[in-house]
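Below is one structure, written out as structure tokens; comments come after it.
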Amino acid sequence: MKKIQLILLVAISLCFVTSSKAQRGNYPVTNGFSIFGGLTQFDISTDNFTTSKANGFLGGISATVDIPLRWYNISFGMQLSENNIDILGRPALVSTQEEFINYKMFAAQLAMLMHVKVAKHYFTIDVGPMIQYNGELELKDDSQEGYYIQNYTNLTATDITQISQFNFNGVVGASAGIRNFKLKAQYIYGFTNILNKLEREGLDTLGGDARFKGNQSMLVLGAVVSF
């Protein structure tokens, strides 16, 4: 809880960034902030489970530093998202029936992005690192608690919820539009193993791989309003 409060404090602090202009050397610097939101498509790339991408949503704010005489801008931002993912399972220990188990995951992400000015105020390429704190995987349907994970004999749907909560990501994307309103697309890839914590849970991995490895991926499509 304390970690979530710290992240929210950073977000609130960003809200107090106001539009201003200052002369730093020979470069006029413009500071401001942006509000953005959009849809997400989340997945975990892993050999342990059979997964299916699912849609979610996202919203956030960012503080921007615009140096007109440079070929790039910098932004520091935070975004909160609720993501969904489906993992293949079966309703009984011995069953030929297969069914996707529906999970959701809340995440808070802090990013520092460089915005390469391809067409100044109208089109940028966005790249940078991102730190993520996420909750555990949560079952969306309590009736699936007793389901078993496909590829394993005794591993249940609730056994795999305790995933790693701190992760490091990379972001690449693009923004296009007018000065104060842009559409954006981002691809977020997790460099760290989001399933690593499962190896310390003492799970029954009979029938499958005892080593858990997975990298998250998230596609974001949204809009940005700048002030």
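Scheme for the structure tokens: letters A, B, ... for chains in order shown; per-chain residue numbers from 1; ligand numbers from 1 in order shown.
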*asked:* So that I can check the surroundings of region 209-223 of chain A, please list as a ChimeraX atom specification every protein, DNA and RNA residue that reaches within 8 Å of it, counting only C-alpha atoms and ignoring chain neighbours fewer than 3 positions away.
replied: /A:36-48,181-196,198-199,205-206
*Pick out the residues sitting within 7 Å of Ala157 (chain A), and hand them over as an MDAnalysis selection string; count only C-alpha atoms, and ignore anything fewer than 2 positions along from it in its own chain.*
chainID A and resid 145:149 155 159:160
*Have a look at CA of Asn102 (chain A) and CA of Thr158 (chain A) and let me know their distance in Å, one decimal.*
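Straight-line distance from CA of Asn102 (chain A) to CA of Thr158 (chain A) works out to 11.4 Å.
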*DSSP-assigned strand (DSSP E or B) among region 95-163 of chain A, expressed as a PyMOL selection string*: chain A and resi 99-117+123-134+138-139+148-149+156
_Contact residues around Pro129 (chain A) with only C-alpha atoms at 8 Å, ignoring same-chain residues under 5 positions, as an MDAnalysis selection string_ = chainID A and resid 111:113 168:171
*Which residues, written as a list in words, have at least one atom at most 7 Å from Gln165 (chain A), with only C-alpha atoms counted and residues fewer than 4 positions away on the same chain left out?*
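Counting only the stated atoms, we get Tyr133, Asn134 and Gly135 of chain A.
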Just to be explicit: take each residue in the selection above, keep C-alpha atoms, and write the result as a PDB file, in the first residue's frame.
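So the final result, stored in part_30.pdb, reads:
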```pdb
ATOM      1  CA  TYR A 133       4.369  -1.616 -10.198  1.00  0.00           C
ATOM      2  CA  ASN A 134       1.501  -4.018 -10.769  1.00  0.00           C
ATOM      3  CA  GLY A 135      -0.894  -5.978  -8.631  1.00  0.00           C
TER       4      GLY A 135
END
```
_Atom-to-atom span, CA of Leu203 (chain A) and CA of Ala108 (chain A), Å_ = 27.4 Å
*asked:* With only C-alpha atoms as the counted atoms, please give the residues lying no more than 7 Å from Ser52 (chain A), apart from itself and same-chain residues fewer than 4 positions off, as a ChimeraX atom specification.
replied: /A:43,85-87
Please dump the current selection as a PDB file, in the first residue's frame; keep all heavy atoms.
```
ATOM      1  N   ASP A  43      -0.699  -8.842 -23.015  1.00  0.00           N
ATOM      2  CA  ASP A  43      -0.379 -10.258 -23.166  1.00  0.00           C
ATOM      3  C   ASP A  43       0.903 -10.552 -22.389  1.00  0.00           C
ATOM      4  O   ASP A  43       1.657  -9.640 -22.029  1.00  0.00           O
ATOM      5  CB  ASP A  43      -0.201 -10.627 -24.643  1.00  0.00           C
ATOM      6  CG  ASP A  43      -0.274 -12.133 -24.882  1.00  0.00           C
ATOM      7  OD1 ASP A  43      -0.648 -12.868 -23.949  1.00  0.00           O
ATOM      8  OD2 ASP A  43       0.054 -12.578 -25.997  1.00  0.00           O
ATOM      9  N   ILE A  85      -6.140 -10.454 -19.441  1.00  0.00           N
ATOM     10  CA  ILE A  85      -5.461 -11.520 -20.176  1.00  0.00           C
ATOM     11  C   ILE A  85      -6.204 -12.834 -19.928  1.00  0.00           C
ATOM     12  O   ILE A  85      -6.757 -13.044 -18.839  1.00  0.00           O
ATOM     13  CB  ILE A  85      -3.973 -11.642 -19.752  1.00  0.00           C
ATOM     14  CG1 ILE A  85      -3.255 -12.691 -20.611  1.00  0.00           C
ATOM     15  CG2 ILE A  85      -3.845 -11.948 -18.264  1.00  0.00           C
ATOM     16  CD1 ILE A  85      -1.755 -12.739 -20.382  1.00  0.00           C
ATOM     17  N   ASP A  86      -6.237 -13.699 -20.925  1.00  0.00           N
ATOM     18  CA  ASP A  86      -6.882 -15.002 -20.810  1.00  0.00           C
ATOM     19  C   ASP A  86      -5.822 -16.099 -20.879  1.00  0.00           C
ATOM     20  O   ASP A  86      -4.929 -16.055 -21.740  1.00  0.00           O
ATOM     21  CB  ASP A  86      -7.898 -15.204 -21.935  1.00  0.00           C
ATOM     22  CG  ASP A  86      -8.989 -14.140 -21.914  1.00  0.00           C
ATOM     23  OD1 ASP A  86      -9.311 -13.655 -20.818  1.00  0.00           O
ATOM     24  OD2 ASP A  86      -9.500 -13.807 -23.003  1.00  0.00           O
ATOM     25  N   ILE A  87      -5.915 -17.058 -19.964  1.00  0.00           N
ATOM     26  CA  ILE A  87      -4.961 -18.178 -19.906  1.00  0.00           C
ATOM     27  C   ILE A  87      -5.747 -19.479 -20.015  1.00  0.00           C
ATOM     28  O   ILE A  87      -6.741 -19.682 -19.296  1.00  0.00           O
ATOM     29  CB  ILE A  87      -4.138 -18.139 -18.604  1.00  0.00           C
ATOM     30  CG1 ILE A  87      -3.311 -16.848 -18.554  1.00  0.00           C
ATOM     31  CG2 ILE A  87      -3.233 -19.361 -18.490  1.00  0.00           C
ATOM     32  CD1 ILE A  87      -2.507 -16.664 -17.276  1.00  0.00           C
TER      33      ILE A  87
END
```
*Report as number ranges by chain: the residues of chain A with a DSSP assignment of helix (DSSP H, G or I), based on the backbone of this structure.*
A: 2-14, 142-144, 196-200
Can I get the selected residues back with N, CA, C and O atoms, as a short mmCIF file (atom, residue, chain, number, x, y, z; two decimals), in the first residue's frame?
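Produced file again_31.cif, reproduced below:
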```
data_model
loop_
_atom_site.label_atom_id
_atom_site.label_comp_id
_atom_site.auth_asym_id
_atom_site.auth_seq_id
_atom_site.Cartn_x
_atom_site.Cartn_y
_atom_site.Cartn_z
N LYS A 2 1.97 1.24 0.80
CA LYS A 2 2.85 2.39 0.85
C LYS A 2 3.47 2.70 -0.51
O LYS A 2 3.65 3.85 -0.88
N LYS A 3 3.77 1.65 -1.26
CA LYS A 3 4.36 1.84 -2.58
C LYS A 3 3.36 2.49 -3.52
O LYS A 3 3.70 3.37 -4.30
N ILE A 4 2.09 2.07 -3.44
CA ILE A 4 1.06 2.67 -4.28
C ILE A 4 0.88 4.14 -3.92
O ILE A 4 0.73 5.00 -4.79
N GLN A 5 0.90 4.45 -2.61
CA GLN A 5 0.75 5.84 -2.17
C GLN A 5 1.89 6.70 -2.69
O GLN A 5 1.69 7.86 -3.06
N LEU A 6 3.12 6.14 -2.71
CA LEU A 6 4.26 6.89 -3.22
C LEU A 6 4.10 7.21 -4.69
O LEU A 6 4.34 8.34 -5.14
N ILE A 7 3.63 6.24 -5.44
CA ILE A 7 3.41 6.45 -6.87
C ILE A 7 2.33 7.50 -7.10
O ILE A 7 2.45 8.38 -7.95
N LEU A 8 1.25 7.42 -6.32
CA LEU A 8 0.18 8.41 -6.47
C LEU A 8 0.65 9.81 -6.09
O LEU A 8 0.21 10.79 -6.68
N LEU A 9 1.57 9.90 -5.12
CA LEU A 9 2.12 11.20 -4.73
C LEU A 9 2.88 11.82 -5.90
O LEU A 9 2.78 13.02 -6.16
N VAL A 10 3.64 11.00 -6.62
CA VAL A 10 4.35 11.49 -7.80
C VAL A 10 3.38 12.00 -8.83
O VAL A 10 3.56 13.06 -9.44
N ALA A 11 2.27 11.26 -9.02
CA ALA A 11 1.27 11.67 -10.00
C ALA A 11 0.64 13.01 -9.63
O ALA A 11 0.46 13.88 -10.48
N ILE A 12 0.31 13.17 -8.34
CA ILE A 12 -0.29 14.42 -7.90
C ILE A 12 0.68 15.57 -8.08
O ILE A 12 0.30 16.68 -8.48
N SER A 13 1.96 15.32 -7.82
CA SER A 13 2.97 16.36 -7.98
C SER A 13 3.05 16.84 -9.42
O SER A 13 3.25 18.03 -9.69
N LEU A 14 2.89 15.92 -10.35
CA LEU A 14 2.95 16.29 -11.76
C LEU A 14 1.81 17.23 -12.14
O LEU A 14 1.94 18.03 -13.06
N ASP A 142 -15.25 -15.67 -10.32
CA ASP A 142 -14.94 -16.54 -9.18
C ASP A 142 -15.28 -18.00 -9.44
O ASP A 142 -14.74 -18.90 -8.77
N SER A 143 -16.15 -18.25 -10.38
CA SER A 143 -16.51 -19.64 -10.67
C SER A 143 -15.36 -20.41 -11.32
O SER A 143 -15.41 -21.64 -11.41
N GLN A 144 -14.32 -19.70 -11.75
CA GLN A 144 -13.17 -20.37 -12.38
C GLN A 144 -12.04 -20.65 -11.40
O GLN A 144 -10.96 -21.08 -11.79
N ASN A 196 8.54 -14.50 -12.54
CA ASN A 196 9.66 -14.98 -11.73
C ASN A 196 9.24 -15.35 -10.31
O ASN A 196 9.71 -16.34 -9.73
N LYS A 197 8.34 -14.59 -9.72
CA LYS A 197 7.93 -14.83 -8.33
C LYS A 197 7.25 -16.18 -8.16
O LYS A 197 7.27 -16.76 -7.06
N LEU A 198 6.65 -16.72 -9.21
CA LEU A 198 5.96 -18.01 -9.11
C LEU A 198 6.91 -19.13 -8.73
O LEU A 198 6.50 -20.12 -8.12
N GLU A 199 8.19 -18.99 -9.07
CA GLU A 199 9.16 -20.04 -8.75
C GLU A 199 9.42 -20.14 -7.26
O GLU A 199 9.92 -21.16 -6.77
N ARG A 200 9.08 -19.10 -6.49
CA ARG A 200 9.32 -19.11 -5.05
C ARG A 200 8.05 -19.47 -4.27
O ARG A 200 8.03 -19.38 -3.04
#
```
*From the set A:Val118, A:Leu80, A:Val224, A:Ile74, which residue has the shortest atom-to-atom contact distance to Gln132 (chain A), counting only C-alpha atoms?*
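Comparing A:Val118, A:Leu80, A:Val224, A:Ile74 against Gln132 (chain A), the winner is A:Leu80.
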*What's the 6 Å shell around region 121-128 of chain A, counting only C-alpha atoms, without same-chain residues fewer than 6 positions away, as a ChimeraX atom specification?*
/A:112-115,171-179
Limited to all heavy atoms, could you put the picked residues into a file as an mmCIF file, in the first residue's frame?
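Output contents, as saved in part-v6.cif:
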```
data_model
loop_
_atom_site.group_PDB
_atom_site.id
_atom_site.type_symbol
_atom_site.label_atom_id
_atom_site.label_comp_id
_atom_site.auth_asym_id
_atom_site.auth_seq_id
_atom_site.Cartn_x
_atom_site.Cartn_y
_atom_site.Cartn_z
ATOM 1 N N MET A 112 10.000 7.898 -18.491
ATOM 2 C CA MET A 112 10.718 9.069 -18.982
ATOM 3 C C MET A 112 10.932 8.857 -20.477
ATOM 4 O O MET A 112 11.647 7.939 -20.886
ATOM 5 C CB MET A 112 12.068 9.249 -18.292
ATOM 6 C CG MET A 112 12.799 10.507 -18.760
ATOM 7 S SD MET A 112 14.433 10.719 -17.996
ATOM 8 C CE MET A 112 15.356 9.442 -18.876
ATOM 9 N N LEU A 113 10.291 9.678 -21.286
ATOM 10 C CA LEU A 113 10.303 9.464 -22.724
ATOM 11 C C LEU A 113 10.986 10.610 -23.460
ATOM 12 O O LEU A 113 10.854 11.778 -23.081
ATOM 13 C CB LEU A 113 8.876 9.320 -23.264
ATOM 14 C CG LEU A 113 8.041 8.168 -22.705
ATOM 15 C CD1 LEU A 113 6.664 8.162 -23.362
ATOM 16 C CD2 LEU A 113 8.732 6.833 -22.903
ATOM 17 N N MET A 114 11.706 10.249 -24.514
ATOM 18 C CA MET A 114 12.251 11.223 -25.455
ATOM 19 C C MET A 114 11.340 11.246 -26.682
ATOM 20 O O MET A 114 10.988 10.194 -27.224
ATOM 21 C CB MET A 114 13.675 10.853 -25.872
ATOM 22 C CG MET A 114 14.241 11.737 -26.970
ATOM 23 S SD MET A 114 15.896 11.215 -27.500
ATOM 24 C CE MET A 114 16.865 11.669 -26.073
ATOM 25 N N HIS A 115 10.931 12.434 -27.090
ATOM 26 C CA HIS A 115 10.037 12.587 -28.235
ATOM 27 C C HIS A 115 10.819 13.224 -29.385
ATOM 28 O O HIS A 115 11.100 14.425 -29.369
ATOM 29 C CB HIS A 115 8.838 13.462 -27.854
ATOM 30 C CG HIS A 115 8.118 12.978 -26.624
ATOM 31 N ND1 HIS A 115 7.163 11.988 -26.670
ATOM 32 C CD2 HIS A 115 8.239 13.335 -25.322
ATOM 33 C CE1 HIS A 115 6.714 11.768 -25.438
ATOM 34 N NE2 HIS A 115 7.344 12.580 -24.604
ATOM 35 N N VAL A 171 9.662 1.382 -23.914
ATOM 36 C CA VAL A 171 8.524 1.946 -24.643
ATOM 37 C C VAL A 171 8.998 2.476 -25.990
ATOM 38 O O VAL A 171 10.024 3.154 -26.080
ATOM 39 C CB VAL A 171 7.870 3.107 -23.854
ATOM 40 C CG1 VAL A 171 6.657 3.642 -24.604
ATOM 41 C CG2 VAL A 171 7.506 2.670 -22.458
ATOM 42 N N VAL A 172 8.242 2.194 -27.038
ATOM 43 C CA VAL A 172 8.466 2.803 -28.343
ATOM 44 C C VAL A 172 7.096 3.121 -28.934
ATOM 45 O O VAL A 172 6.148 2.333 -28.770
ATOM 46 C CB VAL A 172 9.285 1.892 -29.287
ATOM 47 C CG1 VAL A 172 8.555 0.577 -29.548
ATOM 48 C CG2 VAL A 172 9.596 2.595 -30.587
ATOM 49 N N GLY A 173 6.973 4.275 -29.559
ATOM 50 C CA GLY A 173 5.676 4.647 -30.106
ATOM 51 C C GLY A 173 5.750 5.886 -30.958
ATOM 52 O O GLY A 173 6.832 6.354 -31.322
ATOM 53 N N ALA A 174 4.594 6.433 -31.271
ATOM 54 C CA ALA A 174 4.515 7.625 -32.111
ATOM 55 C C ALA A 174 3.295 8.433 -31.712
ATOM 56 O O ALA A 174 2.287 7.889 -31.252
ATOM 57 C CB ALA A 174 4.438 7.244 -33.581
ATOM 58 N N SER A 175 3.392 9.769 -31.893
ATOM 59 C CA SER A 175 2.279 10.675 -31.635
ATOM 60 C C SER A 175 2.089 11.570 -32.843
ATOM 61 O O SER A 175 3.068 12.082 -33.405
ATOM 62 C CB SER A 175 2.548 11.530 -30.392
ATOM 63 O OG SER A 175 2.748 10.723 -29.248
ATOM 64 N N ALA A 176 0.846 11.788 -33.236
ATOM 65 C CA ALA A 176 0.569 12.612 -34.412
ATOM 66 C C ALA A 176 -0.685 13.441 -34.176
ATOM 67 O O ALA A 176 -1.667 12.962 -33.597
ATOM 68 C CB ALA A 176 0.391 11.738 -35.649
ATOM 69 N N GLY A 177 -0.645 14.715 -34.627
ATOM 70 C CA GLY A 177 -1.808 15.577 -34.474
ATOM 71 C C GLY A 177 -1.419 17.032 -34.570
ATOM 72 O O GLY A 177 -0.474 17.389 -35.282
ATOM 73 N N ILE A 178 -2.139 17.891 -33.857
ATOM 74 C CA ILE A 178 -1.826 19.307 -33.811
ATOM 75 C C ILE A 178 -1.130 19.615 -32.485
ATOM 76 O O ILE A 178 -0.887 18.710 -31.684
ATOM 77 C CB ILE A 178 -3.099 20.163 -33.979
ATOM 78 C CG1 ILE A 178 -4.129 19.825 -32.903
ATOM 79 C CG2 ILE A 178 -3.690 19.965 -35.371
ATOM 80 C CD1 ILE A 178 -5.390 20.654 -32.965
ATOM 81 N N ARG A 179 -0.821 20.868 -32.245
ATOM 82 C CA ARG A 179 0.017 21.232 -31.108
ATOM 83 C C ARG A 179 -0.546 20.739 -29.767
ATOM 84 O O ARG A 179 0.176 20.209 -28.939
ATOM 85 C CB ARG A 179 0.193 22.756 -31.072
ATOM 86 C CG ARG A 179 1.214 23.222 -30.041
ATOM 87 C CD ARG A 179 1.305 24.738 -29.988
ATOM 88 N NE ARG A 179 2.403 25.153 -29.141
ATOM 89 C CZ ARG A 179 3.600 25.511 -29.568
ATOM 90 N NH1 ARG A 179 3.851 25.497 -30.873
ATOM 91 N NH2 ARG A 179 4.549 25.877 -28.722
#
```
*Find the residues around Gly207 (chain A) up to 8 Å (only C-alpha atoms counted), leave out those fewer than 4 positions away in its own chain, and share them as JSON, numbers by chain.*
{"A": [151, 152, 153]}
Restricting it to N, CA, C and O atoms, dump the selection as a PDB file, in the first residue's frame.
```pdb
ATOM      1  N   ASN A 151      -1.349 -27.489 -19.643  1.00  0.00           N
ATOM      2  CA  ASN A 151       0.087 -27.796 -19.680  1.00  0.00           C
ATOM      3  C   ASN A 151       0.604 -28.283 -18.330  1.00  0.00           C
ATOM      4  O   ASN A 151       1.773 -28.671 -18.220  1.00  0.00           O
ATOM      5  N   TYR A 152      -0.232 -28.264 -17.275  1.00  0.00           N
ATOM      6  CA  TYR A 152       0.154 -28.762 -15.951  1.00  0.00           C
ATOM      7  C   TYR A 152      -0.927 -29.712 -15.433  1.00  0.00           C
ATOM      8  O   TYR A 152      -2.107 -29.581 -15.788  1.00  0.00           O
ATOM      9  N   THR A 153      -0.518 -30.620 -14.543  1.00  0.00           N
ATOM     10  CA  THR A 153      -1.460 -31.603 -14.017  1.00  0.00           C
ATOM     11  C   THR A 153      -2.293 -31.041 -12.872  1.00  0.00           C
ATOM     12  O   THR A 153      -3.530 -31.132 -12.878  1.00  0.00           O
TER      13      THR A 153
END
```
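Interatomic distance, CA of Asn167 (chain A) against CA of Val225 (chain A): 27.7 Å.
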_Best match for closeness to Ala119 (chain A) among A:Pro68, A:Ile35, A:Thr156, A:Val94, counting only C-alpha atoms_ = A:Pro68
